[in-house]
$ cat coords08.cif   # mmCIF, C-alpha atoms
data_protein
loop_
_atom_site.label_atom_id
_atom_site.label_comp_id
_atom_site.auth_asym_id
_atom_site.auth_seq_id
_atom_site.Cartn_x
_atom_site.Cartn_y
_atom_site.Cartn_z
CA MET L 30 -29.96 -14.30 16.73
CA ALA L 31 -28.53 -15.43 13.41
CA PHE L 32 -29.38 -12.01 12.00
CA GLY L 33 -26.61 -10.32 13.99
CA LEU L 34 -24.07 -12.84 12.83
CA LEU L 35 -25.19 -12.54 9.22
CA ALA L 36 -25.12 -8.75 9.30
CA SER L 37 -21.73 -8.75 10.93
CA SER L 38 -20.30 -11.25 8.44
CA ALA L 39 -21.72 -9.26 5.54
CA CYS L 40 -20.11 -6.07 6.89
CA VAL L 41 -16.73 -7.74 7.25
CA LEU L 42 -16.92 -9.29 3.79
CA ALA L 43 -17.88 -5.95 2.23
CA LEU L 44 -15.05 -4.18 4.05
CA LEU L 45 -12.44 -6.70 3.01
CA ALA L 46 -13.74 -6.70 -0.55
CA ALA L 47 -13.43 -2.92 -0.64
CA ALA L 48 -9.93 -3.00 0.83
CA THR L 49 -8.71 -5.65 -1.60
CA ARG L 50 -10.65 -4.44 -4.63
CA GLY L 51 -12.93 -7.44 -4.70
CA PHE L 52 -10.29 -9.84 -3.37
CA THR L 53 -7.98 -9.23 -6.31
CA ALA L 54 -5.21 -7.03 -4.90
CA VAL L 55 -3.58 -6.46 -1.55
CA THR L 56 -1.31 -3.64 -2.64
CA THR L 57 -1.99 -0.35 -4.37
CA ASP L 58 0.47 -1.24 -7.12
CA SER L 59 -1.13 -4.57 -8.00
CA ALA L 60 -4.59 -2.98 -8.07
CA ARG L 61 -3.28 -0.27 -10.40
CA ALA L 62 -1.64 -2.87 -12.66
CA ARG L 63 -4.91 -4.78 -12.94
CA ASP L 64 -6.86 -1.60 -13.70
CA VAL L 65 -4.47 -0.61 -16.47
CA ALA L 66 -4.43 -4.10 -17.99
CA ARG L 67 -8.21 -4.02 -18.15
CA THR L 68 -8.67 -0.40 -19.21
CA PRO L 69 -5.63 1.29 -20.79
CA VAL L 70 -5.01 4.88 -19.75
CA GLN L 71 -4.43 7.64 -22.27
CA VAL L 72 -1.27 9.36 -21.09
CA THR L 73 -1.09 13.17 -21.27
CA PRO L 74 1.74 13.98 -23.70
CA ILE L 75 4.26 15.68 -21.47
CA GLY L 76 7.39 17.21 -22.96
CA LEU L 77 10.70 15.68 -21.98
CA TYR L 78 14.31 16.77 -22.52
CA ASP L 79 16.93 14.26 -23.49
CA ARG L 80 20.61 14.63 -22.64
CA HIS L 81 21.13 17.04 -25.54
CA GLY L 82 18.35 19.27 -24.26
CA SER L 83 16.10 18.49 -27.21
CA ARG L 84 12.43 17.70 -26.77
CA THR L 85 11.22 14.13 -26.87
CA GLU L 86 7.83 12.64 -26.19
CA LEU L 87 6.56 9.91 -23.92
CA SER L 88 5.27 7.89 -26.83
CA ASP L 89 6.59 7.19 -30.30
CA PRO L 90 4.21 7.01 -33.29
CA GLN L 91 5.66 3.74 -34.52
CA ARG L 92 7.30 1.99 -31.64
CA SER L 93 5.93 0.97 -28.27
CA THR L 94 7.74 2.51 -25.35
CA ILE L 95 8.73 0.80 -22.13
CA VAL L 96 9.02 3.52 -19.49
CA ASP L 97 10.71 3.46 -16.12
CA PHE L 98 11.08 6.23 -13.55
CA VAL L 99 14.42 6.89 -11.91
CA TYR L 100 16.62 9.55 -10.41
CA THR L 101 20.27 9.38 -11.32
CA ARG L 102 21.63 9.83 -7.77
CA CYS L 103 19.74 6.71 -6.70
CA LEU L 104 21.86 3.81 -5.53
CA THR L 105 19.21 1.20 -4.81
CA VAL L 106 16.13 0.46 -6.93
CA CYS L 107 17.30 2.61 -9.84
CA SER L 108 20.60 0.76 -10.17
CA ALA L 109 18.61 -2.44 -10.33
CA LEU L 110 16.33 -0.86 -12.91
CA GLY L 111 19.37 0.39 -14.83
CA GLY L 112 20.74 -3.15 -14.98
CA ILE L 113 17.38 -4.46 -16.10
CA PHE L 114 17.10 -1.85 -18.85
CA GLN L 115 20.65 -2.71 -19.98
CA GLN L 116 19.66 -6.34 -20.28
CA MET L 117 16.46 -5.42 -22.11
CA GLN L 118 18.44 -3.17 -24.47
CA THR L 119 20.69 -6.10 -25.32
CA ASP L 120 17.65 -8.32 -25.92
CA ILE L 121 15.92 -5.75 -28.12
CA VAL L 122 18.99 -5.32 -30.29
CA ALA L 123 19.70 -9.05 -30.47
CA ARG L 124 16.14 -9.82 -31.49
CA ARG L 125 16.11 -6.91 -33.95
CA LEU L 126 13.12 -5.38 -32.30
CA ASP L 127 14.56 -1.87 -32.21
CA ASP L 128 12.06 -0.66 -34.81
CA ARG L 129 9.24 -1.89 -32.60
CA VAL L 130 10.31 -1.28 -29.03
CA ARG L 131 12.17 1.54 -27.35
CA LEU L 132 13.16 2.16 -23.76
CA LEU L 133 12.58 5.45 -22.00
CA SER L 134 13.85 6.44 -18.58
CA VAL L 135 12.22 9.49 -17.04
CA SER L 136 13.80 11.26 -14.09
CA PHE L 137 11.47 12.40 -11.32
CA ASP L 138 14.19 14.64 -9.89
CA PRO L 139 14.40 17.35 -12.57
CA THR L 140 16.13 19.84 -10.26
CA TRP L 141 19.20 17.62 -10.00
CA ASP L 142 18.84 15.71 -13.26
CA THR L 143 19.56 18.42 -15.81
CA PRO L 144 20.20 17.36 -19.42
CA ALA L 145 23.96 17.67 -18.75
CA ARG L 146 23.78 15.24 -15.83
CA LEU L 147 21.69 12.85 -17.93
CA GLY L 148 24.62 12.76 -20.34
CA SER L 149 27.00 11.21 -17.83
CA TYR L 150 24.28 8.83 -16.66
CA THR L 151 23.66 7.77 -20.27
CA GLN L 152 27.38 7.00 -20.61
CA LEU L 153 27.46 5.16 -17.32
CA MET L 154 24.50 3.01 -18.41
CA ARG L 155 25.98 2.55 -21.88
CA ALA L 156 22.56 3.42 -23.27
CA ASN L 157 22.31 2.88 -27.01
CA PRO L 158 20.61 6.06 -28.29
CA ARG L 159 18.74 4.08 -30.93
CA VAL L 160 16.97 2.04 -28.27
CA TRP L 161 17.21 3.76 -24.91
CA THR L 162 16.57 7.44 -24.20
CA ILE L 163 17.15 8.94 -20.79
CA THR L 164 15.08 12.04 -20.13
CA THR L 165 13.93 14.61 -17.63
CA PRO L 166 10.62 16.53 -17.67
CA ALA L 167 10.84 19.77 -19.65
CA ASN L 168 8.50 21.41 -17.18
CA ALA L 169 8.91 20.30 -13.56
CA ALA L 170 5.41 21.52 -12.75
CA GLN L 171 4.00 18.73 -14.93
CA LEU L 172 5.84 16.02 -13.04
CA PRO L 173 3.00 15.30 -10.56
CA ILE L 174 0.57 14.69 -13.45
CA LEU L 175 3.04 12.29 -15.00
CA LEU L 176 3.65 10.37 -11.78
CA GLN L 177 -0.04 10.22 -10.99
CA GLN L 178 -0.87 8.79 -14.41
CA PHE L 179 1.77 6.11 -14.15
CA GLY L 180 0.96 5.32 -10.52
CA VAL L 181 4.45 6.18 -9.34
CA ARG L 182 4.82 7.41 -5.76
CA VAL L 183 7.95 9.20 -4.74
CA ILE L 184 8.55 9.77 -1.04
CA ASP L 185 11.43 11.39 0.78
CA ASP L 186 13.71 8.82 2.38
CA GLY L 187 14.88 11.32 4.98
CA MET L 188 18.46 11.13 3.68
CA SER L 189 18.08 13.55 0.76
CA GLY L 190 17.08 10.66 -1.49
CA PHE L 191 13.79 9.13 -2.51
CA VAL L 192 11.89 5.93 -1.96
CA HIS L 193 9.80 5.00 -4.98
CA ASN L 194 8.02 2.08 -6.54
CA ALA L 195 9.61 0.59 -9.63
CA ALA L 196 7.88 -1.06 -12.56
CA LEU L 197 7.98 -1.44 -16.34
CA HIS L 198 5.27 0.70 -17.92
CA VAL L 199 4.31 -0.20 -21.48
CA VAL L 200 2.97 2.68 -23.60
CA ASP L 201 1.71 1.88 -27.10
CA PRO L 202 2.24 4.13 -30.16
CA SER L 203 -1.07 5.91 -29.61
CA GLY L 204 0.06 7.01 -26.15
CA GLN L 205 -1.99 4.53 -24.16
CA LEU L 206 -0.51 3.04 -21.04
CA ILE L 207 -1.42 -0.61 -21.62
CA ALA L 208 0.48 -2.48 -18.91
CA ILE L 209 2.41 -2.06 -15.70
CA LEU L 210 4.66 -5.06 -15.19
CA PRO L 211 7.02 -6.01 -12.38
CA ILE L 212 10.67 -5.18 -12.97
CA ASP L 213 11.64 -8.81 -13.45
CA ALA L 214 9.17 -9.22 -16.33
CA GLY L 215 11.43 -7.65 -18.97
CA GLU L 216 10.86 -10.35 -21.58
CA GLU L 217 7.12 -10.15 -21.18
CA ALA L 218 7.26 -6.36 -21.46
CA ILE L 219 9.28 -6.55 -24.68
CA ALA L 220 6.92 -9.13 -26.18
CA LEU L 221 3.86 -7.07 -25.32
CA ALA L 222 5.46 -3.87 -26.56
CA ALA L 223 6.52 -5.48 -29.86
CA GLN L 224 3.04 -6.86 -30.36
CA HIS L 225 1.47 -3.40 -30.03
CA ALA L 226 3.99 -1.58 -32.21
CA ARG L 227 2.99 -0.04 -35.53
CA PRO L 228 6.22 0.03 -37.46
CA GLY L 229 5.53 2.10 -40.54
CA GLY L 230 7.22 2.45 -43.92
CA THR L 231 9.57 -0.05 -45.38
CA THR L 232 11.45 -1.14 -42.30
CA VAL L 233 8.96 -3.77 -41.21
CA ALA L 234 8.31 -5.15 -44.68
CA THR L 235 11.95 -6.15 -45.09
CA ARG L 236 12.07 -7.93 -41.74
CA PRO L 237 11.81 -11.70 -41.86
CA MET C 6 -25.62 10.70 34.49
CA SER C 7 -27.09 11.34 31.08
CA ALA C 8 -29.97 9.64 29.41
CA ARG C 9 -30.20 6.05 28.17
CA GLY C 10 -27.94 4.40 30.65
CA HIS C 11 -24.89 6.33 29.62
CA ARG C 12 -23.01 8.27 32.22
CA PHE C 13 -20.49 10.91 31.48
CA GLY C 14 -17.35 9.54 33.04
CA ALA C 15 -13.64 9.15 32.62
CA GLY C 16 -14.16 6.84 29.64
CA ILE C 17 -15.81 9.49 27.53
CA VAL C 18 -13.16 12.06 28.47
CA LEU C 19 -10.42 9.61 27.48
CA SER C 20 -12.29 8.77 24.30
CA ILE C 21 -12.53 12.42 23.28
CA ILE C 22 -8.85 12.98 24.06
CA ALA C 23 -7.94 9.94 21.93
CA LEU C 24 -10.09 11.16 19.04
CA LEU C 25 -8.59 14.65 19.25
CA LEU C 26 -5.06 13.25 19.30
CA ALA C 27 -5.77 10.96 16.35
CA THR C 28 -7.32 13.79 14.34
CA LEU C 29 -4.86 16.58 15.09
CA GLY C 30 -1.84 14.30 14.85
CA ARG C 31 -3.03 12.61 11.69
CA SER C 32 -0.06 13.53 9.50
CA TRP C 33 2.44 12.62 12.22
CA PHE C 34 0.80 9.25 12.83
CA GLU C 35 0.53 8.45 9.14
CA ALA C 36 4.07 9.52 8.25
CA THR C 37 5.42 6.04 8.97
CA MET C 38 3.87 2.61 8.66
CA GLN C 39 4.80 1.76 12.21
CA ARG C 40 2.98 4.73 13.70
CA HIS C 41 0.06 4.23 11.35
CA MET C 42 -0.49 0.53 12.14
CA LEU C 43 0.62 0.44 15.74
CA LEU C 44 -0.43 3.84 17.10
CA HIS C 45 -3.07 5.47 14.90
CA VAL C 46 -5.25 2.39 14.33
CA PRO C 47 -5.12 1.26 18.00
CA LEU C 48 -5.77 4.81 19.22
CA LEU C 49 -8.98 5.09 17.19
CA PHE C 50 -10.04 1.61 18.33
CA PHE C 51 -9.25 2.59 21.91
CA ALA C 52 -11.42 5.72 21.57
CA GLY C 53 -14.37 3.42 20.88
CA VAL C 54 -13.46 1.09 23.75
CA ALA C 55 -13.22 3.99 26.20
CA TRP C 56 -16.52 5.42 25.00
CA ALA C 57 -18.29 2.09 25.48
CA HIS C 58 -16.67 1.63 28.87
CA ASP C 59 -18.98 4.24 30.38
CA SER C 60 -22.07 2.56 29.00
CA ARG C 61 -24.15 0.88 31.66
CA ARG C 62 -26.14 -0.99 29.14
CA ARG C 63 -25.12 -4.50 28.31
CA ALA C 64 -24.70 -5.15 24.60
CA PRO C 65 -28.04 -6.13 23.06
CA THR C 66 -28.33 -9.85 23.39
CA ALA C 67 -30.89 -10.67 20.74
CA TRP C 68 -28.58 -10.20 17.81
CA ASN C 69 -25.29 -10.37 19.62
CA ALA C 70 -25.49 -13.68 21.46
CA HIS C 71 -22.29 -14.29 23.44
CA GLY C 72 -20.92 -11.17 21.76
CA VAL C 73 -19.91 -13.24 18.74
CA ALA C 74 -21.39 -10.96 16.07
CA GLY C 75 -19.83 -7.85 17.62
CA LEU C 76 -16.43 -9.47 18.06
CA LEU C 77 -16.51 -10.74 14.48
CA PHE C 78 -17.15 -7.19 13.30
CA ALA C 79 -14.37 -5.74 15.46
CA THR C 80 -11.87 -8.35 14.22
CA GLY C 81 -12.91 -7.77 10.62
CA VAL C 82 -12.42 -4.02 10.90
CA LEU C 83 -8.98 -4.47 12.45
CA MET C 84 -8.06 -6.94 9.73
CA THR C 85 -9.16 -4.48 7.03
CA TRP C 86 -6.71 -1.87 8.31
CA MET C 87 -3.84 -4.27 7.97
CA VAL C 88 -4.30 -4.52 4.21
CA PRO C 89 -1.47 -2.48 2.64
CA ARG C 90 -3.77 -1.07 -0.03
CA ALA C 91 -6.18 0.17 2.65
CA LEU C 92 -3.34 1.91 4.51
CA ASP C 93 -2.25 3.62 1.29
CA ALA C 94 -5.80 4.73 0.59
CA ALA C 95 -6.14 6.16 4.12
CA VAL C 96 -2.97 8.21 3.61
CA GLU C 97 -3.97 9.45 0.17
CA GLN C 98 -7.73 9.95 0.42
CA PRO C 99 -9.16 11.96 3.33
CA LEU C 100 -12.57 10.35 2.87
CA VAL C 101 -11.09 6.90 3.38
CA ASP C 102 -9.31 8.16 6.45
CA VAL C 103 -12.57 9.44 7.92
CA SER C 104 -14.18 6.05 7.23
CA LYS C 105 -11.21 4.40 8.90
CA ALA C 106 -11.77 6.47 12.04
CA ALA C 107 -15.52 5.84 12.08
CA LEU C 108 -15.12 2.09 11.53
CA LEU C 109 -12.40 1.67 14.12
CA PHE C 110 -14.32 3.70 16.69
CA THR C 111 -17.43 1.59 16.12
CA ALA C 112 -15.37 -1.59 16.18
CA GLY C 113 -13.80 -0.53 19.49
CA ALA C 114 -17.14 0.32 21.09
CA LEU C 115 -18.93 -2.77 19.79
CA GLY C 116 -15.91 -4.93 20.52
CA HIS C 117 -15.78 -3.77 24.11
CA LEU C 118 -19.50 -4.31 24.75
CA SER C 119 -19.34 -7.74 23.12
CA TRP C 120 -16.17 -8.73 24.96
CA ARG C 121 -18.03 -8.23 28.24
CA ARG C 122 -20.76 -10.59 27.07
CA ALA C 123 -18.41 -13.24 25.75
CA SER C 124 -17.36 -16.25 27.77
CA VAL C 125 -13.66 -16.92 28.24
CA LEU C 126 -14.03 -19.65 25.64
CA VAL C 127 -15.33 -17.19 23.03
CA GLN C 128 -12.73 -14.64 24.07
CA SER C 129 -9.94 -17.19 23.65
CA PHE C 130 -11.25 -18.17 20.25
CA VAL C 131 -11.41 -14.58 19.01
CA LEU C 132 -8.07 -13.62 20.49
CA GLY C 133 -6.38 -16.78 19.25
CA ASN C 134 -7.55 -16.25 15.71
CA GLY C 135 -6.76 -12.55 15.89
CA ALA C 136 -3.25 -13.36 17.09
CA TRP C 137 -2.74 -15.85 14.29
CA MET C 138 -3.91 -13.26 11.75
CA THR C 139 -1.79 -10.44 13.15
CA ALA C 140 1.31 -12.57 13.45
CA SER C 141 0.90 -13.82 9.87
CA ILE C 142 0.66 -10.28 8.59
CA GLY C 143 3.67 -9.36 10.73
CA LEU C 144 5.67 -12.19 9.17
CA MET C 145 4.54 -11.14 5.71
CA LEU C 146 5.74 -7.59 6.37
CA ILE C 147 9.12 -8.84 7.61
CA ASP C 148 9.57 -11.37 4.84
CA SER C 149 8.24 -9.57 1.77
CA PRO C 150 11.05 -8.74 -0.66
CA GLU C 151 9.02 -5.88 -2.11
CA ARG C 152 7.48 -2.84 -0.56
CA LEU C 153 3.80 -3.48 0.06
CA CYS C 154 2.71 0.07 0.80
CA ALA C 155 3.41 2.62 -1.89
CA ASN C 156 3.78 5.27 0.80
CA TYR C 157 6.17 3.52 3.16
CA GLY C 158 9.76 2.36 2.88
CA ALA C 159 11.08 -1.19 3.19
CA GLY C 160 12.80 -0.64 6.55
CA ASP C 161 9.63 0.82 7.99
CA GLN C 162 7.73 -2.20 6.70
CA ARG C 163 10.09 -4.66 8.38
CA SER C 164 10.05 -2.87 11.71
CA SER C 165 6.25 -2.69 11.54
CA GLY C 166 6.21 -6.46 11.10
CA VAL C 167 8.43 -6.95 14.15
CA ALA C 168 6.27 -4.56 16.18
CA LEU C 169 3.05 -6.34 15.15
CA ILE C 170 4.44 -9.68 16.29
CA THR C 171 5.69 -8.18 19.54
CA VAL C 172 2.31 -6.64 20.31
CA THR C 173 0.56 -9.94 19.46
CA ILE C 174 2.73 -11.87 21.88
CA GLY C 175 2.19 -9.19 24.52
CA VAL C 176 -1.60 -9.31 24.21
CA ILE C 177 -1.69 -13.11 24.38
CA PHE C 178 0.61 -13.03 27.38
CA LEU C 179 -1.65 -10.57 29.22
CA PHE C 180 -4.76 -12.58 28.39
CA ALA C 181 -3.14 -15.78 29.59
CA LEU C 182 -2.01 -14.04 32.76
CA ARG C 183 -5.53 -12.81 33.41
CA HIS C 184 -7.49 -15.98 32.64
CA VAL C 185 -5.58 -19.15 32.09
CA TYR C 186 -2.99 -18.75 34.79
CA PRO C 187 -5.37 -17.84 37.71
CA SER C 188 -7.79 -20.64 36.88
CA ALA C 189 -4.95 -23.09 36.72
CA LEU C 190 -3.89 -21.83 40.13
CA ARG C 191 -7.42 -22.12 41.51
CA ARG C 192 -7.72 -25.65 40.26
CA SER C 193 -4.42 -26.66 41.75
CA VAL C 194 -5.20 -25.17 45.17
CA PRO C 195 -7.94 -27.60 46.40
CA SER C 196 -6.08 -30.63 45.14
CA ALA C 197 -2.99 -29.57 47.00
#

$ encode --input "coords08.cif" --output "structure tokens"
Amino acid sequence: MAFGLLASSACVLALLAAATRGFTAVTTDSARARDVARTPVQVTPIGLYDRHGSRTELSDPQRSTIVDFVYTRCLTVCSALGGIFQQMQTDIVARRLDDRVRLLSVSFDPTWDTPARLGSYTQLMRANPRVWTITTPANAAQLPILLQQFGVRVIDDGMSGFVHNAALHVVDPSGQLIAILPIDAGEEAIALAAQHARPGGTTVATRP
Amino acid sequence: MSARGHRFGAGIVLSIIALLLATLGRSWFEATMQRHMLLHVPLLFFAGVAWAHDSRRRAPTAWNAHGVAGLLFATGVLMTWMVPRALDAAVEQPLVDVSKAALLFTAGALGHLSWRRASVLVQSFVLGNGAWMTASIGLMLIDSPERLCANYGAGDQRSSGVALITVTIGVIFLFALRHVYPSALRRSVPSA
């Protein structure tokens, strides 16, 4: 008689453990963040265009990169993200971390977000080109790979816009995605990014 | 009547129709959180219930005394498909979606057979706890400032929460109408 109960309880426990990744995460995003924190992911180097139409990369050989994903027509999450990146830009400059940390916004709407349109967005955001680069994928066909690697899901909101998850993705100089942090963890993201930077040459030696 | 105490009746027909609907309409059902949680999951569960309805056999008693083990399993399966991460996985991975269907069907069938064996006391216990669980998840969906499912929007999430709570209240109401209210009436009749 107790066997049935035991078997049933074991089934339920196993199911719930599978659904919550061993009782650690209820959402897909938090499970992904835990995975990345434990085992960093090597990010495929995908070419990006900045507002001048010149190629840039996802990672920088000396600085860590904090990446977010946006589309410039967005009025909801992206505006919040824009404000957060502005604040982080101010912090990075004030703490003289601009040789260790950079900010990178990547558009997931390359059809609309051409380099020219990124220009006006860059002005609107008052992005300091030394710290914050706003980009769009050079090859739209590579976008799904990029989103998949970063765990970003973009869904149609039915009103010609998108619904998407927002986070701060920290990529170290070797191109490893080492952390996915919530958007209100800007300070933590900067600290982590600075810690993993490899500032070369003379710049770091002269810093106090 | 087919072998092993199972007859081919309306229940099996309904069950097959439900399974066909759930399979063919998969993308429609899973397009919004509301349809996924409140139509797709119940439909698959119902397919199992309808299938078991035609069974003449009572649920095996040796391991399923008072239907408790079976009801525990059914509740656990339903609870699993309220975890946002599980819903996302069902949308994104066909294999998970097939497991979802198989589990919910089994849970429905086993749940139905066990429900028949359970006393009203056991039924109330299971339903009460299930209601508490469902309503809590409903409140979480309404109240959460962030989107919990990567595949569904915030508005969808809130309305799913409201719908979950509404369904919970409805089920409790029906159960009370069926059991608590008539017995209260019966008790009051002789004393009157």

$ interface_residues --input "coords08.cif" --of "chain C" --to "chain L" --cutoff "12 Å" --atoms "only C-alpha atoms" --output "count of residues only"
58

$ resolve_selection --input "coords08.cif" --expression "the PyMOL selection byres ((chain L and resi 171) around 12)" --output "PDB file with C-alpha atoms, in the coordinates of the input"
ATOM      1  CA  THR L  73      -1.090  13.170 -21.270  1.00  0.00           C
ATOM      2  CA  PRO L  74       1.740  13.980 -23.700  1.00  0.00           C
ATOM      3  CA  ILE L  75       4.260  15.680 -21.470  1.00  0.00           C
ATOM      4  CA  GLY L  76       7.390  17.210 -22.960  1.00  0.00           C
ATOM      5  CA  LEU L  77      10.700  15.680 -21.980  1.00  0.00           C
ATOM      6  CA  PHE L 137      11.470  12.400 -11.320  1.00  0.00           C
ATOM      7  CA  PRO L 139      14.400  17.350 -12.570  1.00  0.00           C
ATOM      8  CA  THR L 165      13.930  14.610 -17.630  1.00  0.00           C
ATOM      9  CA  PRO L 166      10.620  16.530 -17.670  1.00  0.00           C
ATOM     10  CA  ALA L 167      10.840  19.770 -19.650  1.00  0.00           C
ATOM     11  CA  ASN L 168       8.500  21.410 -17.180  1.00  0.00           C
ATOM     12  CA  ALA L 169       8.910  20.300 -13.560  1.00  0.00           C
ATOM     13  CA  ALA L 170       5.410  21.520 -12.750  1.00  0.00           C
ATOM     14  CA  LEU L 172       5.840  16.020 -13.040  1.00  0.00           C
ATOM     15  CA  PRO L 173       3.000  15.300 -10.560  1.00  0.00           C
ATOM     16  CA  ILE L 174       0.570  14.690 -13.450  1.00  0.00           C
ATOM     17  CA  LEU L 175       3.040  12.290 -15.000  1.00  0.00           C
ATOM     18  CA  LEU L 176       3.650  10.370 -11.780  1.00  0.00           C
ATOM     19  CA  GLN L 177      -0.040  10.220 -10.990  1.00  0.00           C
ATOM     20  CA  GLN L 178      -0.870   8.790 -14.410  1.00  0.00           C
TER      21      GLN L 178
END

$ atom_distance --input "coords08.cif" --atom1 "atom CA of Ile209 of chain L" --atom2 "atom CA of Asp127 of chain L"
20.5 Å

$ closest_atom_pairs --input "coords08.cif" --of "segment 48-164 of chain C" --to "segment 16-26 of chain C" --cutoff "12 Å" --atoms "only C-alpha atoms" --output "Markdown table"
| residue | atom | partner | partner_atom | distance |
| --- | --- | --- | --- | --- |
| C:Leu48 | CA | C:Ala23 | CA | 6.2 |
| C:Leu49 | CA | C:Leu24 | CA | 6.4 |
| C:Phe50 | CA | C:Ala23 | CA | 9.3 |
| C:Phe51 | CA | C:Ser20 | CA | 7.3 |
| C:Ala52 | CA | C:Ser20 | CA | 4.2 |
| C:Gly53 | CA | C:Ser20 | CA | 6.7 |
| C:Val54 | CA | C:Ser20 | CA | 7.8 |
| C:Ala55 | CA | C:Gly16 | CA | 4.6 |
| C:Trp56 | CA | C:Ile17 | CA | 4.8 |
| C:Ala57 | CA | C:Gly16 | CA | 7.5 |
| C:His58 | CA | C:Gly16 | CA | 5.8 |
| C:Asp59 | CA | C:Gly16 | CA | 5.5 |
| C:Ser60 | CA | C:Gly16 | CA | 9.0 |
| C:Arg61 | CA | C:Gly16 | CA | 11.8 |
| C:Val103 | CA | C:Leu24 | CA | 11.5 |
| C:Ala106 | CA | C:Leu24 | CA | 8.6 |
| C:Ala107 | CA | C:Leu24 | CA | 10.3 |
| C:Leu109 | CA | C:Leu24 | CA | 10.9 |
| C:Phe110 | CA | C:Leu24 | CA | 8.9 |
| C:Gly113 | CA | C:Ser20 | CA | 10.6 |
| C:Ala114 | CA | C:Ser20 | CA | 10.3 |

$ atom_distance --input "coords08.cif" --atom1 "atom CA of Thr94 of chain L" --atom2 "atom CA of Phe179 of chain L"
13.2 Å

$ resolve_selection --input "coords08.cif" --expression "the PyMOL selection byres ((chain L and resi 207) around 8)" --output "list in words"
Val65, Ala66, Thr68, Pro69, Val70, His198, Val199, Val200, Asp201, Gln205, Leu206, Ala208 and Ile209 of chain L

$ residues_around --input "coords08.cif" --residues "segment 117-125 of chain L" --least-positions-apart "6" --cutoff "12 Å" --atoms "only C-alpha atoms" --output "VMD selection string"
chain L and resid 94 to 96 110 to 111 131 to 133 154 to 162 197 212 to 220 222 to 223 232 to 233 235 to 237

$ decode --input "coords08.cif" --residues "segment 211-221 of chain L" --atoms "N, CA, C and O atoms" --output "compact mmCIF listing (two decimals), in the first residue's frame"
# COMPACT_ATOMS: atom_id res chain seq x y z
N PRO L 211 20.28 40.69 -13.98
CA PRO L 211 19.05 41.47 -14.17
C PRO L 211 19.38 42.94 -14.46
O PRO L 211 20.45 43.42 -14.10
N ILE L 212 18.42 43.63 -15.10
CA ILE L 212 18.73 44.98 -15.58
C ILE L 212 18.96 45.98 -14.44
O ILE L 212 19.52 47.03 -14.66
N ASP L 213 18.55 45.64 -13.24
CA ASP L 213 18.80 46.59 -12.15
C ASP L 213 20.13 46.29 -11.43
O ASP L 213 20.41 46.87 -10.39
N ALA L 214 20.93 45.39 -12.01
CA ALA L 214 22.20 45.04 -11.36
C ALA L 214 23.37 45.69 -12.09
O ALA L 214 24.43 45.07 -12.27
N GLY L 215 23.20 46.93 -12.51
CA GLY L 215 24.23 47.63 -13.27
C GLY L 215 25.58 47.69 -12.57
O GLY L 215 26.62 47.42 -13.15
N GLU L 216 25.54 48.04 -11.28
CA GLU L 216 26.81 48.18 -10.53
C GLU L 216 27.56 46.86 -10.46
O GLU L 216 28.77 46.80 -10.65
N GLU L 217 26.78 45.81 -10.20
CA GLU L 217 27.37 44.47 -10.12
C GLU L 217 27.98 44.08 -11.47
O GLU L 217 29.08 43.51 -11.53
N ALA L 218 27.26 44.42 -12.54
CA ALA L 218 27.75 44.09 -13.89
C ALA L 218 29.06 44.83 -14.18
O ALA L 218 30.01 44.24 -14.70
N ILE L 219 29.12 46.10 -13.80
CA ILE L 219 30.34 46.88 -14.04
C ILE L 219 31.50 46.29 -13.24
O ILE L 219 32.61 46.10 -13.76
N ALA L 220 31.23 45.96 -11.97
CA ALA L 220 32.30 45.41 -11.11
C ALA L 220 32.84 44.10 -11.69
O ALA L 220 34.05 43.90 -11.79
N LEU L 221 31.92 43.24 -12.10
CA LEU L 221 32.32 41.95 -12.65
C LEU L 221 33.10 42.14 -13.95
O LEU L 221 34.13 41.50 -14.19
